[in-house]
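The data block below is upload-v5.cif; it holds mmCIF, C-alpha atoms.
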```cif
data_structure
#
loop_
_atom_site.label_atom_id
_atom_site.label_comp_id
_atom_site.auth_asym_id
_atom_site.auth_seq_id
_atom_site.Cartn_x
_atom_site.Cartn_y
_atom_site.Cartn_z
CA MET A 1 -70.19 -0.83 41.63
CA PRO A 2 -66.45 -1.66 41.71
CA TYR A 3 -64.40 -0.78 44.76
CA VAL A 4 -60.59 -0.71 44.59
CA ASN A 5 -58.46 -0.37 47.71
CA VAL A 6 -54.87 0.71 47.08
CA LYS A 7 -52.45 0.50 49.98
CA ILE A 8 -49.17 2.38 49.87
CA THR A 9 -46.56 3.19 52.46
CA ARG A 10 -46.77 6.67 53.91
CA GLU A 11 -43.72 8.16 52.24
CA GLY A 12 -44.93 11.40 50.78
CA ALA A 13 -47.18 10.59 47.84
CA THR A 14 -48.40 13.95 46.60
CA PRO A 15 -52.06 14.82 46.06
CA GLU A 16 -51.30 14.89 42.34
CA GLN A 17 -49.86 11.37 42.43
CA LYS A 18 -52.86 10.11 44.38
CA ALA A 19 -55.22 11.73 41.87
CA GLU A 20 -53.37 9.96 39.05
CA ILE A 21 -53.63 6.60 40.85
CA ILE A 22 -57.37 7.12 41.26
CA ALA A 23 -57.81 8.10 37.61
CA ARG A 24 -55.76 5.21 36.25
CA MET A 25 -57.32 2.55 38.50
CA THR A 26 -60.74 3.77 37.43
CA GLN A 27 -59.74 3.67 33.77
CA VAL A 28 -58.54 0.07 34.09
CA LEU A 29 -62.00 -0.98 35.24
CA VAL A 30 -63.63 1.03 32.46
CA ASP A 31 -61.33 -0.51 29.81
CA VAL A 32 -61.26 -4.11 31.04
CA LEU A 33 -64.70 -4.60 32.57
CA ASP A 34 -66.67 -1.80 30.89
CA LYS A 35 -67.59 -0.36 34.29
CA ASP A 36 -69.25 3.02 34.73
CA PRO A 37 -66.59 5.39 36.13
CA ARG A 38 -69.32 7.31 37.98
CA LEU A 39 -69.95 4.18 40.03
CA THR A 40 -66.33 3.14 40.52
CA PHE A 41 -64.76 3.82 43.90
CA VAL A 42 -61.03 3.99 44.64
CA LEU A 43 -59.70 4.31 48.17
CA ILE A 44 -56.04 4.94 48.96
CA ASP A 45 -54.83 3.84 52.39
CA GLU A 46 -51.44 5.07 53.53
CA VAL A 47 -49.71 2.69 55.90
CA GLU A 48 -46.87 3.63 58.22
CA LEU A 49 -43.61 2.14 56.96
CA GLU A 50 -43.05 0.17 60.17
CA ASP A 51 -46.52 -1.42 59.75
CA TRP A 52 -45.70 -2.90 56.34
CA GLY A 53 -43.80 -6.13 55.78
CA VAL A 54 -42.75 -8.31 52.87
CA ALA A 55 -41.12 -11.74 52.72
CA GLY A 56 -41.30 -12.02 56.50
CA LEU A 57 -39.36 -8.82 57.03
CA THR A 58 -40.22 -5.25 57.90
CA THR A 59 -40.01 -2.93 54.92
CA ALA A 60 -36.80 -1.37 56.29
CA GLU A 61 -35.19 -4.82 56.67
CA PHE A 62 -36.35 -5.90 53.20
CA ARG A 63 -34.97 -2.75 51.58
CA ALA A 64 -31.64 -3.20 53.36
CA SER A 65 -31.25 -6.79 52.17
#
```

If you took the structure in this file and wrote it as structure tokens, what would it be?
Amino acid sequence: MPYVNVKITREGATPEQKAEIIARMTQVLVDVLDKDPRLTFVLIDEVELEDWGVAGLTTAEFRAS
């Protein structure tokens, strides 16, 4: 029973884009690990931009550098 947690910044991903992420992540597990898609779970968490950091910087600082 695979579980995939995808975290993205909250910047307007559409329901259609989220559906595509779910479908593709599921298909990866089907293709690579031969998992049953009916038992594969994908959760998308949207994180506020100011709560995300990379390389020791906030996302806004990182993008500006």

**OP:** Would you kindly identify which residues have an atom no farther than 8 Å from (-54.8, 7.1, 45.2), using all atoms listed in the file and the file's own coordinates, and write them out as a PyMOL selection string?
**Re:** chain A and resi 6+17-22+42-45

Please report, as lines of an AutoDock Vina configuration file, the centre and edge lengths in Å to one decimal of an axis-aligned box covering all listed atoms of range 33-44 of chain A with 4 Å per side.
```
center_x = -63.0
center_y = 1.4
center_z = 39.9
size_x = 21.9
size_y = 19.9
size_z = 26.1
```

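Minimum distance to Leu39 in chain A across A:Glu11, A:Thr26, A:Ala64, A:Asp51 (counting all atoms listed in the file) occurs at A:Thr26.
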
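Note that the spacing between CA of Thr9 in chain A and CA of Glu48 in chain A amounts to 5.8 Å.
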
Subject >> For CA of Leu33 in chain A and CA of Pro2 in chain A, the interatomic separation in Å (one decimal) >> reply: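 Taking CA of Leu33 in chain A and CA of Pro2 in chain A, their separation equals 9.8 Å.
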
**OP:** Measuring atom to atom with all atoms listed in the file, identify which of A:Asp31, A:Arg24, A:Leu49, A:Pro37 is nearest to Gly12 in chain A.
**Re:**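 Nearest to Gly12 in chain A: A:Leu49.
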
Subject >> Pick from A:Arg10, A:Gly53, A:Met1, A:Ser65 nearest to Asp34 in chain A, counting only C-alpha atoms >> reply: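 So, comparing all the options, the nearest one is A:Met1.
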
Original post:
CA of Val47 in chain A and CA of Val4 in chain A, how far apart in Å?
Top reply: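 We find that CA of Val4 in chain A and CA of Val47 in chain A lie 16.1 Å from each other.
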